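query_18.pdb follows (PDB, C-alpha atoms):
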ATOM      1  CA  MET W   1     -76.686 -19.197 -18.069  1.00  0.00           C
ATOM      2  CA  ASP W   2     -74.114 -18.118 -20.634  1.00  0.00           C
ATOM      3  CA  ASP W   3     -71.008 -20.277 -20.152  1.00  0.00           C
ATOM      4  CA  ASN W   4     -68.801 -17.450 -21.409  1.00  0.00           C
ATOM      5  CA  ARG W   5     -69.772 -15.394 -18.371  1.00  0.00           C
ATOM      6  CA  VAL W   6     -68.843 -18.026 -15.825  1.00  0.00           C
ATOM      7  CA  GLN W   7     -65.634 -17.067 -14.050  1.00  0.00           C
ATOM      8  CA  THR W   8     -63.352 -19.459 -12.278  1.00  0.00           C
ATOM      9  CA  LYS W   9     -61.560 -18.345  -9.180  1.00  0.00           C
ATOM     10  CA  PRO W  10     -57.769 -18.739  -9.360  1.00  0.00           C
ATOM     11  CA  PRO W  11     -56.375 -21.496  -7.176  1.00  0.00           C
ATOM     12  CA  GLY W  12     -54.699 -20.618  -3.913  1.00  0.00           C
ATOM     13  CA  LEU W  13     -55.455 -19.628  -0.358  1.00  0.00           C
ATOM     14  CA  ILE W  14     -58.300 -17.224   0.321  1.00  0.00           C
ATOM     15  CA  PRO W  15     -57.006 -13.754   1.303  1.00  0.00           C
ATOM     16  CA  GLU W  16     -58.027 -14.059   4.962  1.00  0.00           C
ATOM     17  CA  THR W  17     -56.218 -17.384   5.378  1.00  0.00           C
ATOM     18  CA  ALA W  18     -53.094 -16.128   3.646  1.00  0.00           C
ATOM     19  CA  THR W  19     -53.047 -13.001   5.816  1.00  0.00           C
ATOM     20  CA  PHE W  20     -53.492 -15.046   8.987  1.00  0.00           C
ATOM     21  CA  LEU W  21     -50.619 -17.366   8.029  1.00  0.00           C
ATOM     22  CA  ASP W  22     -48.361 -14.409   7.218  1.00  0.00           C
ATOM     23  CA  LEU W  23     -49.105 -12.792  10.566  1.00  0.00           C
ATOM     24  CA  CYS W  24     -48.377 -16.057  12.384  1.00  0.00           C
ATOM     25  CA  ILE W  25     -45.058 -16.406  10.555  1.00  0.00           C
ATOM     26  CA  ALA W  26     -44.154 -12.789  11.326  1.00  0.00           C
ATOM     27  CA  ALA W  27     -45.001 -13.201  15.016  1.00  0.00           C
ATOM     28  CA  CYS W  28     -42.911 -16.380  15.252  1.00  0.00           C
ATOM     29  CA  CYS W  29     -39.965 -14.655  13.567  1.00  0.00           C
ATOM     30  CA  VAL W  30     -40.109 -11.743  16.025  1.00  0.00           C
ATOM     31  CA  TRP W  31     -40.274 -14.113  19.004  1.00  0.00           C
ATOM     32  CA  VAL W  32     -37.389 -16.292  17.777  1.00  0.00           C
ATOM     33  CA  PHE W  33     -35.194 -13.293  16.967  1.00  0.00           C
ATOM     34  CA  LEU W  34     -35.731 -11.656  20.356  1.00  0.00           C
ATOM     35  CA  ARG W  35     -35.007 -14.946  22.130  1.00  0.00           C
ATOM     36  CA  LEU W  36     -31.903 -15.445  20.040  1.00  0.00           C
ATOM     37  CA  VAL W  37     -30.650 -11.928  20.762  1.00  0.00           C
ATOM     38  CA  GLY W  38     -31.005 -12.535  24.487  1.00  0.00           C
ATOM     39  CA  LYS W  39     -29.127 -15.835  24.338  1.00  0.00           C
ATOM     40  CA  VAL W  40     -26.325 -14.462  22.157  1.00  0.00           C
ATOM     41  CA  GLU W  41     -25.787 -11.416  24.353  1.00  0.00           C
ATOM     42  CA  GLY W  42     -25.828 -13.654  27.421  1.00  0.00           C
ATOM     43  CA  GLY W  43     -23.259 -16.042  25.933  1.00  0.00           C
ATOM     44  CA  ALA W  44     -25.637 -19.018  25.989  1.00  0.00           C
ATOM     45  CA  THR W  45     -24.924 -19.926  22.356  1.00  0.00           C
ATOM     46  CA  LYS W  46     -21.129 -19.603  22.494  1.00  0.00           C
ATOM     47  CA  GLU W  47     -20.328 -23.242  23.315  1.00  0.00           C
ATOM     48  CA  MET W  48     -22.734 -24.659  20.742  1.00  0.00           C
ATOM     49  CA  ASP W  49     -21.596 -22.199  18.056  1.00  0.00           C
ATOM     50  CA  GLU W  50     -17.927 -23.032  18.509  1.00  0.00           C
ATOM     51  CA  ASP W  51     -18.584 -26.769  18.718  1.00  0.00           C
ATOM     52  CA  ILE W  52     -20.394 -26.758  15.345  1.00  0.00           C
ATOM     53  CA  LEU W  53     -17.600 -24.763  13.704  1.00  0.00           C
ATOM     54  CA  GLN W  54     -14.960 -27.160  15.015  1.00  0.00           C
ATOM     55  CA  LYS W  55     -16.888 -30.238  13.880  1.00  0.00           C
ATOM     56  CA  LEU W  56     -16.834 -28.894  10.330  1.00  0.00           C
ATOM     57  CA  ARG W  57     -12.994 -28.995  10.350  1.00  0.00           C
ATOM     58  CA  GLN W  58     -10.410 -31.764  10.480  1.00  0.00           C
ATOM     59  CA  PRO W  59      -9.667 -32.591  14.166  1.00  0.00           C
ATOM     60  CA  ASP W  60      -5.887 -32.513  13.671  1.00  0.00           C
ATOM     61  CA  ASN W  61      -5.901 -29.292  11.636  1.00  0.00           C
ATOM     62  CA  LEU W  62      -8.722 -26.779  12.076  1.00  0.00           C
ATOM     63  CA  ALA W  63      -7.558 -24.891   8.994  1.00  0.00           C
ATOM     64  CA  ILE W  64      -8.756 -27.756   6.783  1.00  0.00           C
ATOM     65  CA  PRO W  65     -12.546 -28.189   6.369  1.00  0.00           C
ATOM     66  CA  ARG W  66     -14.177 -31.582   6.175  1.00  0.00           C
ATOM     67  CA  GLY W  67     -15.281 -32.941   2.822  1.00  0.00           C
ATOM     68  CA  PRO W  68     -13.696 -33.270  -0.610  1.00  0.00           C
ATOM     69  CA  LYS W  69     -11.057 -30.779  -1.724  1.00  0.00           C
ATOM     70  CA  TRP W  70     -13.408 -29.058  -4.141  1.00  0.00           C
ATOM     71  CA  LEU W  71     -16.076 -28.327  -1.518  1.00  0.00           C
ATOM     72  CA  PRO W  72     -14.465 -25.148  -0.055  1.00  0.00           C
ATOM     73  CA  HIS W  73     -14.287 -23.654  -3.551  1.00  0.00           C
ATOM     74  CA  VAL W  74     -17.947 -24.493  -4.147  1.00  0.00           C
ATOM     75  CA  ALA W  75     -18.831 -22.968  -0.778  1.00  0.00           C
ATOM     76  CA  GLN W  76     -17.070 -19.746  -1.763  1.00  0.00           C
ATOM     77  CA  ASP W  77     -19.016 -19.644  -5.023  1.00  0.00           C
ATOM     78  CA  ILE W  78     -22.289 -20.250  -3.218  1.00  0.00           C
ATOM     79  CA  THR W  79     -21.610 -17.696  -0.494  1.00  0.00           C
ATOM     80  CA  SER W  80     -21.023 -15.063  -3.176  1.00  0.00           C
ATOM     81  CA  LEU W  81     -24.719 -15.413  -4.079  1.00  0.00           C
ATOM     82  CA  GLY W  82     -25.367 -13.433  -0.884  1.00  0.00           C
ATOM     83  CA  SER W  83     -22.950 -10.614  -1.747  1.00  0.00           C
ATOM     84  CA  GLY W  84     -24.206  -7.112  -2.421  1.00  0.00           C
ATOM     85  CA  ALA W  85     -23.238  -7.277  -6.089  1.00  0.00           C
ATOM     86  CA  ASN W  86     -25.037 -10.557  -6.791  1.00  0.00           C
ATOM     87  CA  LEU W  87     -28.116  -9.592  -4.787  1.00  0.00           C
ATOM     88  CA  THR W  88     -28.317  -6.340  -6.727  1.00  0.00           C
ATOM     89  CA  LEU W  89     -27.921  -8.256  -9.994  1.00  0.00           C
ATOM     90  CA  ALA W  90     -30.692 -10.722  -9.083  1.00  0.00           C
ATOM     91  CA  SER W  91     -32.951  -7.860  -8.053  1.00  0.00           C
ATOM     92  CA  GLY W  92     -32.260  -6.021 -11.294  1.00  0.00           C
ATOM     93  CA  ILE W  93     -33.145  -9.090 -13.351  1.00  0.00           C
ATOM     94  CA  ALA W  94     -36.453  -9.453 -11.511  1.00  0.00           C
ATOM     95  CA  VAL W  95     -37.247  -5.749 -11.894  1.00  0.00           C
ATOM     96  CA  GLY W  96     -36.466  -6.012 -15.598  1.00  0.00           C
ATOM     97  CA  PHE W  97     -38.848  -8.961 -15.946  1.00  0.00           C
ATOM     98  CA  LEU W  98     -41.666  -7.007 -14.294  1.00  0.00           C
ATOM     99  CA  CYS W  99     -40.993  -4.012 -16.536  1.00  0.00           C
ATOM    100  CA  LEU W 100     -41.145  -6.234 -19.628  1.00  0.00           C
ATOM    101  CA  GLU W 101     -44.508  -7.445 -18.360  1.00  0.00           C
ATOM    102  CA  ARG W 102     -45.513  -3.764 -18.026  1.00  0.00           C
ATOM    103  CA  ARG W 103     -46.020  -4.143 -14.295  1.00  0.00           C
ATOM    104  CA  PHE W 104     -44.174  -0.979 -13.400  1.00  0.00           C
ATOM    105  CA  ARG W 105     -45.811  -0.435 -10.025  1.00  0.00           C
ATOM    106  CA  ALA W 106     -44.928  -3.978  -8.998  1.00  0.00           C
ATOM    107  CA  ALA W 107     -41.348  -3.279 -10.079  1.00  0.00           C
ATOM    108  CA  GLY W 108     -41.275  -0.107  -7.997  1.00  0.00           C
ATOM    109  CA  PHE W 109     -42.629  -1.920  -4.962  1.00  0.00           C
ATOM    110  CA  LEU W 110     -39.971  -4.607  -5.398  1.00  0.00           C
ATOM    111  CA  ILE W 111     -37.189  -2.010  -5.455  1.00  0.00           C
ATOM    112  CA  VAL W 112     -38.481  -0.365  -2.283  1.00  0.00           C
ATOM    113  CA  SER W 113     -38.955  -3.709  -0.492  1.00  0.00           C
ATOM    114  CA  LEU W 114     -35.482  -5.028  -1.254  1.00  0.00           C
ATOM    115  CA  GLY W 115     -33.682  -1.739  -0.709  1.00  0.00           C
ATOM    116  CA  SER W 116     -35.253  -1.164   2.697  1.00  0.00           C
ATOM    117  CA  GLY W 117     -34.568  -4.777   3.720  1.00  0.00           C
ATOM    118  CA  LEU W 118     -30.875  -4.529   2.879  1.00  0.00           C
ATOM    119  CA  MET W 119     -30.696  -1.238   4.763  1.00  0.00           C
ATOM    120  CA  LEU W 120     -32.218  -2.949   7.796  1.00  0.00           C
ATOM    121  CA  SER W 121     -29.516  -5.622   7.599  1.00  0.00           C
ATOM    122  CA  TYR W 122     -26.801  -2.958   7.605  1.00  0.00           C
ATOM    123  CA  LEU W 123     -28.351  -1.172  10.587  1.00  0.00           C
ATOM    124  CA  LEU W 124     -28.724  -4.349  12.662  1.00  0.00           C
ATOM    125  CA  LYS W 125     -25.093  -5.347  12.114  1.00  0.00           C
ATOM    126  CA  ASN W 126     -24.008  -1.935  13.383  1.00  0.00           C
ATOM    127  CA  VAL W 127     -26.289  -2.177  16.420  1.00  0.00           C
ATOM    128  CA  PHE W 128     -25.035  -5.535  17.747  1.00  0.00           C
ATOM    129  CA  LEU W 129     -21.370  -5.346  16.636  1.00  0.00           C
ATOM    130  CA  ARG W 130     -20.634  -8.999  17.429  1.00  0.00           C
ATOM    131  CA  GLU W 131     -17.094 -10.136  16.641  1.00  0.00           C
ATOM    132  CA  ARG W 132     -16.399 -12.809  14.068  1.00  0.00           C
ATOM    133  CA  PRO W 133     -15.538 -16.384  15.102  1.00  0.00           C
ATOM    134  CA  THR W 134     -11.894 -16.983  15.996  1.00  0.00           C
ATOM    135  CA  VAL W 135     -12.137 -20.662  16.973  1.00  0.00           C
ATOM    136  CA  VAL W 136     -11.339 -21.757  13.384  1.00  0.00           C
ATOM    137  CA  PRO W 137      -9.410 -20.055  10.562  1.00  0.00           C
ATOM    138  CA  HIS W 138     -11.541 -18.146   8.058  1.00  0.00           C
ATOM    139  CA  LEU W 139     -11.667 -19.442   4.489  1.00  0.00           C
ATOM    140  CA  THR W 140     -12.777 -16.215   2.812  1.00  0.00           C
ATOM    141  CA  HIS W 141     -12.835 -12.457   3.391  1.00  0.00           C
ATOM    142  CA  PHE W 142     -15.530 -10.661   5.385  1.00  0.00           C
ATOM    143  CA  ASP W 143     -16.602  -7.319   6.814  1.00  0.00           C
ATOM    144  CA  PRO W 144     -16.303  -6.646  10.590  1.00  0.00           C
ATOM    145  CA  GLY W 145     -19.891  -7.239  11.782  1.00  0.00           C
ATOM    146  CA  SER W 146     -21.077 -10.757  12.560  1.00  0.00           C
ATOM    147  CA  PHE W 147     -24.632 -10.650  14.001  1.00  0.00           C
ATOM    148  CA  PRO W 148     -26.905 -11.127  12.209  1.00  0.00           C
ATOM    149  CA  SER W 149     -25.206 -12.620   9.166  1.00  0.00           C
ATOM    150  CA  GLY W 150     -25.473  -9.999   6.435  1.00  0.00           C
ATOM    151  CA  HIS W 151     -25.161 -12.534   3.612  1.00  0.00           C
ATOM    152  CA  SER W 152     -27.802 -14.800   5.158  1.00  0.00           C
ATOM    153  CA  MET W 153     -30.200 -11.969   5.889  1.00  0.00           C
ATOM    154  CA  GLY W 154     -29.595 -10.318   2.508  1.00  0.00           C
ATOM    155  CA  ALA W 155     -30.157 -13.598   0.675  1.00  0.00           C
ATOM    156  CA  THR W 156     -33.341 -14.229   2.663  1.00  0.00           C
ATOM    157  CA  VAL W 157     -34.662 -10.720   2.075  1.00  0.00           C
ATOM    158  CA  VAL W 158     -33.882 -10.708  -1.633  1.00  0.00           C
ATOM    159  CA  TYR W 159     -34.524 -14.296  -2.701  1.00  0.00           C
ATOM    160  CA  LEU W 160     -37.591 -14.952  -0.539  1.00  0.00           C
ATOM    161  CA  THR W 161     -39.076 -11.550  -1.355  1.00  0.00           C
ATOM    162  CA  LEU W 162     -38.413 -12.163  -5.045  1.00  0.00           C
ATOM    163  CA  GLY W 163     -39.941 -15.616  -4.767  1.00  0.00           C
ATOM    164  CA  GLY W 164     -42.974 -14.289  -2.920  1.00  0.00           C
ATOM    165  CA  ILE W 165     -43.606 -11.315  -5.179  1.00  0.00           C
ATOM    166  CA  ILE W 166     -42.800 -13.057  -8.479  1.00  0.00           C
ATOM    167  CA  SER W 167     -45.024 -15.989  -7.466  1.00  0.00           C
ATOM    168  CA  ARG W 168     -47.820 -13.446  -7.102  1.00  0.00           C
ATOM    169  CA  GLN W 169     -47.452 -12.708 -10.814  1.00  0.00           C
ATOM    170  CA  THR W 170     -48.790 -16.126 -11.818  1.00  0.00           C
ATOM    171  CA  ARG W 171     -51.969 -18.021 -10.989  1.00  0.00           C
ATOM    172  CA  ARG W 172     -50.612 -21.556 -11.411  1.00  0.00           C
ATOM    173  CA  LEU W 173     -49.743 -23.362  -8.193  1.00  0.00           C
ATOM    174  CA  LEU W 174     -46.882 -25.289  -9.809  1.00  0.00           C
ATOM    175  CA  LYS W 175     -45.194 -22.063 -10.876  1.00  0.00           C
ATOM    176  CA  LYS W 176     -45.731 -20.546  -7.428  1.00  0.00           C
ATOM    177  CA  ALA W 177     -44.179 -23.588  -5.772  1.00  0.00           C
ATOM    178  CA  TYR W 178     -41.225 -23.474  -8.169  1.00  0.00           C
ATOM    179  CA  PHE W 179     -40.382 -19.826  -7.476  1.00  0.00           C
ATOM    180  CA  LEU W 180     -40.705 -20.256  -3.713  1.00  0.00           C
ATOM    181  CA  SER W 181     -38.699 -23.501  -3.652  1.00  0.00           C
ATOM    182  CA  VAL W 182     -35.805 -22.000  -5.612  1.00  0.00           C
ATOM    183  CA  ALA W 183     -35.791 -18.973  -3.306  1.00  0.00           C
ATOM    184  CA  LEU W 184     -35.736 -21.174  -0.207  1.00  0.00           C
ATOM    185  CA  VAL W 185     -32.909 -23.405  -1.484  1.00  0.00           C
ATOM    186  CA  LEU W 186     -30.734 -20.416  -2.399  1.00  0.00           C
ATOM    187  CA  THR W 187     -31.330 -18.852   1.005  1.00  0.00           C
ATOM    188  CA  LEU W 188     -30.402 -22.022   2.890  1.00  0.00           C
ATOM    189  CA  LEU W 189     -27.282 -22.661   0.801  1.00  0.00           C
ATOM    190  CA  VAL W 190     -25.909 -19.160   1.357  1.00  0.00           C
ATOM    191  CA  GLY W 191     -26.365 -19.410   5.122  1.00  0.00           C
ATOM    192  CA  ILE W 192     -24.821 -22.879   5.380  1.00  0.00           C
ATOM    193  CA  SER W 193     -21.827 -21.765   3.321  1.00  0.00           C
ATOM    194  CA  ARG W 194     -21.130 -18.942   5.798  1.00  0.00           C
ATOM    195  CA  VAL W 195     -20.813 -21.430   8.646  1.00  0.00           C
ATOM    196  CA  TYR W 196     -18.788 -23.903   6.586  1.00  0.00           C
ATOM    197  CA  LEU W 197     -16.286 -21.185   5.688  1.00  0.00           C
ATOM    198  CA  GLY W 198     -15.898 -20.309   9.367  1.00  0.00           C
ATOM    199  CA  ILE W 199     -16.813 -16.642   9.049  1.00  0.00           C
ATOM    200  CA  HIS W 200     -20.112 -16.788  10.940  1.00  0.00           C
ATOM    201  CA  PHE W 201     -21.434 -18.521  14.017  1.00  0.00           C
ATOM    202  CA  PRO W 202     -24.521 -20.688  13.356  1.00  0.00           C
ATOM    203  CA  SER W 203     -26.512 -18.305  15.582  1.00  0.00           C
ATOM    204  CA  ASP W 204     -25.510 -15.419  13.276  1.00  0.00           C
ATOM    205  CA  VAL W 205     -26.917 -17.280  10.282  1.00  0.00           C
ATOM    206  CA  LEU W 206     -30.076 -18.290  12.122  1.00  0.00           C
ATOM    207  CA  ALA W 207     -30.670 -14.669  13.108  1.00  0.00           C
ATOM    208  CA  GLY W 208     -30.181 -13.593   9.493  1.00  0.00           C
ATOM    209  CA  TRP W 209     -32.663 -16.170   8.276  1.00  0.00           C
ATOM    210  CA  VAL W 210     -35.240 -15.217  10.892  1.00  0.00           C
ATOM    211  CA  ILE W 211     -35.179 -11.452  10.476  1.00  0.00           C
ATOM    212  CA  GLY W 212     -34.939 -11.813   6.696  1.00  0.00           C
ATOM    213  CA  SER W 213     -37.977 -14.119   6.711  1.00  0.00           C
ATOM    214  CA  LEU W 214     -39.854 -11.556   8.785  1.00  0.00           C
ATOM    215  CA  TRP W 215     -39.135  -8.811   6.281  1.00  0.00           C
ATOM    216  CA  SER W 216     -39.937 -11.028   3.305  1.00  0.00           C
ATOM    217  CA  THR W 217     -43.236 -12.125   4.852  1.00  0.00           C
ATOM    218  CA  LEU W 218     -44.277  -8.541   5.549  1.00  0.00           C
ATOM    219  CA  CYS W 219     -43.388  -7.461   2.011  1.00  0.00           C
ATOM    220  CA  THR W 220     -45.301 -10.374   0.490  1.00  0.00           C
ATOM    221  CA  GLN W 221     -48.372  -9.574   2.590  1.00  0.00           C
ATOM    222  CA  ILE W 222     -48.200  -5.894   1.649  1.00  0.00           C
ATOM    223  CA  ALA W 223     -47.872  -6.856  -2.030  1.00  0.00           C
ATOM    224  CA  ARG W 224     -50.926  -9.091  -1.687  1.00  0.00           C
ATOM    225  CA  TRP W 225     -52.928  -6.254  -0.115  1.00  0.00           C
ATOM    226  CA  LEU W 226     -51.797  -3.732  -2.745  1.00  0.00           C
ATOM    227  CA  GLN W 227     -52.854  -6.111  -5.515  1.00  0.00           C
ATOM    228  CA  ARG W 228     -56.318  -6.453  -3.995  1.00  0.00           C
ATOM    229  CA  GLU W 229     -56.548  -2.663  -3.773  1.00  0.00           C
ATOM    230  CA  GLY W 230     -55.393  -2.265  -7.367  1.00  0.00           C
ATOM    231  CA  THR W 231     -52.283  -0.247  -6.448  1.00  0.00           C
ATOM    232  CA  VAL W 232     -49.962  -3.004  -7.701  1.00  0.00           C
ATOM    233  CA  GLU W 233     -50.794  -4.871 -10.890  1.00  0.00           C
ATOM    234  CA  PRO W 234     -52.434  -8.284 -10.337  1.00  0.00           C
ATOM    235  CA  PRO W 235     -51.093 -11.379 -12.112  1.00  0.00           C
ATOM    236  CA  LYS W 236     -52.220 -12.001 -15.657  1.00  0.00           C
ATOM    237  CA  ALA W 237     -54.073 -15.171 -16.584  1.00  0.00           C
ATOM    238  CA  ASP W 238     -51.663 -17.946 -17.608  1.00  0.00           C
TER
END
Before we go any further, please render this structure as structure tokens.
Amino acid sequence: MDDNRVQTKPPGLIPETATFLDLCIAACCVWVFLRLVGKVEGGATKEMDEDILQKLRQPDNLAIPRGPKWLPHVAQDITSLGSGANLTLASGIAVGFLCLERRFRAAGFLIVSLGSGLMLSYLLKNVFLRERPTVVPHLTHFDPGSFPSGHSMGATVVYLTLGGIISRQTRRLLKKAYFLSVALVLTLLVGISRVYLGIHFPSDVLAGWVIGSLWSTLCTQIARWLQREGTVEPPKAD
């Protein structure tokens, strides 16, 4: 047999396994979000939410957060990573990278995925209309809606979707793990900063993470299917 004709299969999960895992993740996200909505609307999370917010502040002065003096400023910088401007900037950088790689259909799919996810975040906030926490003073500005956390959901939608789709543009497992790990860390940091700054209940952030993960998982699975069908460009060999 001619060795030049032997093809090696790229490392990674087989399509059926990856699809099954994505569907399991999506189902879990739906279940957790619906349970969380019921508990929030029933007031079951109120005591826990307020207790966590208070424990992050000095007992004798709730206007002062725990930790070193520089930490609130760092938290404000981190939370800005979930703002509309920064999410749009990150998305634009990723779209530009795909265009440079001449993967224009992948870039178009990325724009549609992120745009629709951010629109979903806006719609959900206007459906639930939960008020912001008042148990501790706020350390930064915010818009009226509280549930789910728009910054947390937006960061999850954008960063995890970017991580999932960009990781599909390489065949090396180390590169895939790097993109996904960076996306996960950014998502977690943005959500934690919202609670630390006192502008979101922990349940708001959890809801943002869950529904954002659902959207990201669905987009990643659709991207995987479109690549197999040839509608979106497959990754090039590294």
Exercise: W:Gly67 partners within 12 Å, only C-alpha atoms, chain neighbours under 2 positions left out, as a CSV table (one decimal) with C-alpha atoms, in the frame of the given file:
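Produced file around.csv, reproduced below:
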chain,number,residue,atom,x,y,z
W,55,LYS,CA,-16.9,-30.2,13.9
W,56,LEU,CA,-16.8,-28.9,10.3
W,57,ARG,CA,-13.0,-29.0,10.4
W,58,GLN,CA,-10.4,-31.8,10.5
W,64,ILE,CA,-8.8,-27.8,6.8
W,65,PRO,CA,-12.5,-28.2,6.4
W,69,LYS,CA,-11.1,-30.8,-1.7
W,70,TRP,CA,-13.4,-29.1,-4.1
W,71,LEU,CA,-16.1,-28.3,-1.5
W,72,PRO,CA,-14.5,-25.1,-0.1
W,73,HIS,CA,-14.3,-23.7,-3.6
W,74,VAL,CA,-17.9,-24.5,-4.1
W,75,ALA,CA,-18.8,-23.0,-0.8
W,196,TYR,CA,-18.8,-23.9,6.6
Going by the chain IDs and residue numbers used in this file, which residues fall under the PyMOL selection byres ((chain W and resi 149) around 9)? Write them as a PDB file with C-alpha atoms, in the coordinates of the input.
ATOM      1  CA  SER W 121     -29.516  -5.622   7.599  1.00  0.00           C
ATOM      2  CA  LYS W 125     -25.093  -5.347  12.114  1.00  0.00           C
ATOM      3  CA  GLY W 145     -19.891  -7.239  11.782  1.00  0.00           C
ATOM      4  CA  SER W 146     -21.077 -10.757  12.560  1.00  0.00           C
ATOM      5  CA  PHE W 147     -24.632 -10.650  14.001  1.00  0.00           C
ATOM      6  CA  PRO W 148     -26.905 -11.127  12.209  1.00  0.00           C
ATOM      7  CA  GLY W 150     -25.473  -9.999   6.435  1.00  0.00           C
ATOM      8  CA  HIS W 151     -25.161 -12.534   3.612  1.00  0.00           C
ATOM      9  CA  SER W 152     -27.802 -14.800   5.158  1.00  0.00           C
ATOM     10  CA  MET W 153     -30.200 -11.969   5.889  1.00  0.00           C
ATOM     11  CA  GLY W 154     -29.595 -10.318   2.508  1.00  0.00           C
ATOM     12  CA  GLY W 191     -26.365 -19.410   5.122  1.00  0.00           C
ATOM     13  CA  ARG W 194     -21.130 -18.942   5.798  1.00  0.00           C
ATOM     14  CA  HIS W 200     -20.112 -16.788  10.940  1.00  0.00           C
ATOM     15  CA  PHE W 201     -21.434 -18.521  14.017  1.00  0.00           C
ATOM     16  CA  SER W 203     -26.512 -18.305  15.582  1.00  0.00           C
ATOM     17  CA  ASP W 204     -25.510 -15.419  13.276  1.00  0.00           C
ATOM     18  CA  VAL W 205     -26.917 -17.280  10.282  1.00  0.00           C
ATOM     19  CA  LEU W 206     -30.076 -18.290  12.122  1.00  0.00           C
ATOM     20  CA  ALA W 207     -30.670 -14.669  13.108  1.00  0.00           C
ATOM     21  CA  GLY W 208     -30.181 -13.593   9.493  1.00  0.00           C
ATOM     22  CA  TRP W 209     -32.663 -16.170   8.276  1.00  0.00           C
TER      23      TRP W 209
END
Stretch 103-222 of chain W near stretch 28-34 of chain W within 7 Å: what's each residue's closest atom pair and its distance in Å to one decimal, counting only C-alpha atoms, ordered by chain then ascending residue number, as JSON lines?
{"residue": "W:Ala207", "atom": "CA", "partner": "W:Phe33", "partner_atom": "CA", "distance": 6.1}
{"residue": "W:Val210", "atom": "CA", "partner": "W:Cys29", "partner_atom": "CA", "distance": 5.5}
{"residue": "W:Ile211", "atom": "CA", "partner": "W:Cys29", "partner_atom": "CA", "distance": 6.5}
{"residue": "W:Leu214", "atom": "CA", "partner": "W:Cys29", "partner_atom": "CA", "distance": 5.7}
Within 7 Å of W:Gly117 using only C-alpha atoms, minus same-chain residues under 3 positions, as a ChimeraX atom specification: /W:113-114,120-121,157,215
Reference answer for the PyMOL selection byres ((chain W and resi 79-86) around 6), as a list of chain:residue names: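 Taken over the shown coordinates, the PyMOL selection byres ((chain W and resi 79-86) around 6) returns W:Ala75, W:Gln76, W:Asp77, W:Ile78, W:Leu87, W:Thr88, W:Leu89, W:His151, W:Ala155, W:Val190, W:Ser193.
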Contacts of W:Thr45 at 12 Å (all atoms listed in the file; same-chain gap of 4+ positions) as number ranges by chain: W: 35-41, 49-52, 201-204, 206
Write the residues of the selection above to a file with C-alpha atoms, as an mmCIF file, keeping the file's coordinate frame.
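The resulting file, out_5.cif, is shown below:
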data_model
loop_
_atom_site.group_PDB
_atom_site.id
_atom_site.type_symbol
_atom_site.label_atom_id
_atom_site.label_comp_id
_atom_site.auth_asym_id
_atom_site.auth_seq_id
_atom_site.Cartn_x
_atom_site.Cartn_y
_atom_site.Cartn_z
ATOM 1 C CA ARG W 35 -35.007 -14.946 22.130
ATOM 2 C CA LEU W 36 -31.903 -15.445 20.040
ATOM 3 C CA VAL W 37 -30.650 -11.928 20.762
ATOM 4 C CA GLY W 38 -31.005 -12.535 24.487
ATOM 5 C CA LYS W 39 -29.127 -15.835 24.338
ATOM 6 C CA VAL W 40 -26.325 -14.462 22.157
ATOM 7 C CA GLU W 41 -25.787 -11.416 24.353
ATOM 8 C CA ASP W 49 -21.596 -22.199 18.056
ATOM 9 C CA GLU W 50 -17.927 -23.032 18.509
ATOM 10 C CA ASP W 51 -18.584 -26.769 18.718
ATOM 11 C CA ILE W 52 -20.394 -26.758 15.345
ATOM 12 C CA PHE W 201 -21.434 -18.521 14.017
ATOM 13 C CA PRO W 202 -24.521 -20.688 13.356
ATOM 14 C CA SER W 203 -26.512 -18.305 15.582
ATOM 15 C CA ASP W 204 -25.510 -15.419 13.276
ATOM 16 C CA LEU W 206 -30.076 -18.290 12.122
#
The PyMOL selection byres ((chain W and resi 107) around 12) on the file shown: which residues, as a short mmCIF file (atom, residue, chain, number, x, y, z; two decimals) with C-alpha atoms, in the coordinates of the input?
data_model
loop_
_atom_site.label_atom_id
_atom_site.label_comp_id
_atom_site.auth_asym_id
_atom_site.auth_seq_id
_atom_site.Cartn_x
_atom_site.Cartn_y
_atom_site.Cartn_z
CA SER W 91 -32.95 -7.86 -8.05
CA GLY W 92 -32.26 -6.02 -11.29
CA ILE W 93 -33.15 -9.09 -13.35
CA ALA W 94 -36.45 -9.45 -11.51
CA VAL W 95 -37.25 -5.75 -11.89
CA GLY W 96 -36.47 -6.01 -15.60
CA PHE W 97 -38.85 -8.96 -15.95
CA LEU W 98 -41.67 -7.01 -14.29
CA CYS W 99 -40.99 -4.01 -16.54
CA LEU W 100 -41.14 -6.23 -19.63
CA GLU W 101 -44.51 -7.44 -18.36
CA ARG W 102 -45.51 -3.76 -18.03
CA ARG W 103 -46.02 -4.14 -14.30
CA PHE W 104 -44.17 -0.98 -13.40
CA ARG W 105 -45.81 -0.44 -10.02
CA ALA W 106 -44.93 -3.98 -9.00
CA GLY W 108 -41.28 -0.11 -8.00
CA PHE W 109 -42.63 -1.92 -4.96
CA LEU W 110 -39.97 -4.61 -5.40
CA ILE W 111 -37.19 -2.01 -5.46
CA VAL W 112 -38.48 -0.36 -2.28
CA SER W 113 -38.96 -3.71 -0.49
CA LEU W 114 -35.48 -5.03 -1.25
CA LEU W 162 -38.41 -12.16 -5.04
CA ILE W 165 -43.61 -11.32 -5.18
CA ILE W 166 -42.80 -13.06 -8.48
CA GLN W 169 -47.45 -12.71 -10.81
CA ALA W 223 -47.87 -6.86 -2.03
CA THR W 231 -52.28 -0.25 -6.45
CA VAL W 232 -49.96 -3.00 -7.70
CA GLU W 233 -50.79 -4.87 -10.89
#
Selection: 12 Å around W:Ser167, all atoms listed in the file, excl. self and same-chain fewer than 5 positions, as a ChimeraX atom specification: /W:12,94,98,159-162,172-183,220,223-224,234-236
Among the residues W:Ser213, W:Asp60, W:Thr140, W:Ile199, the one that comes closest to W:Ala26 [using all atoms listed in the file]: W:Ser213
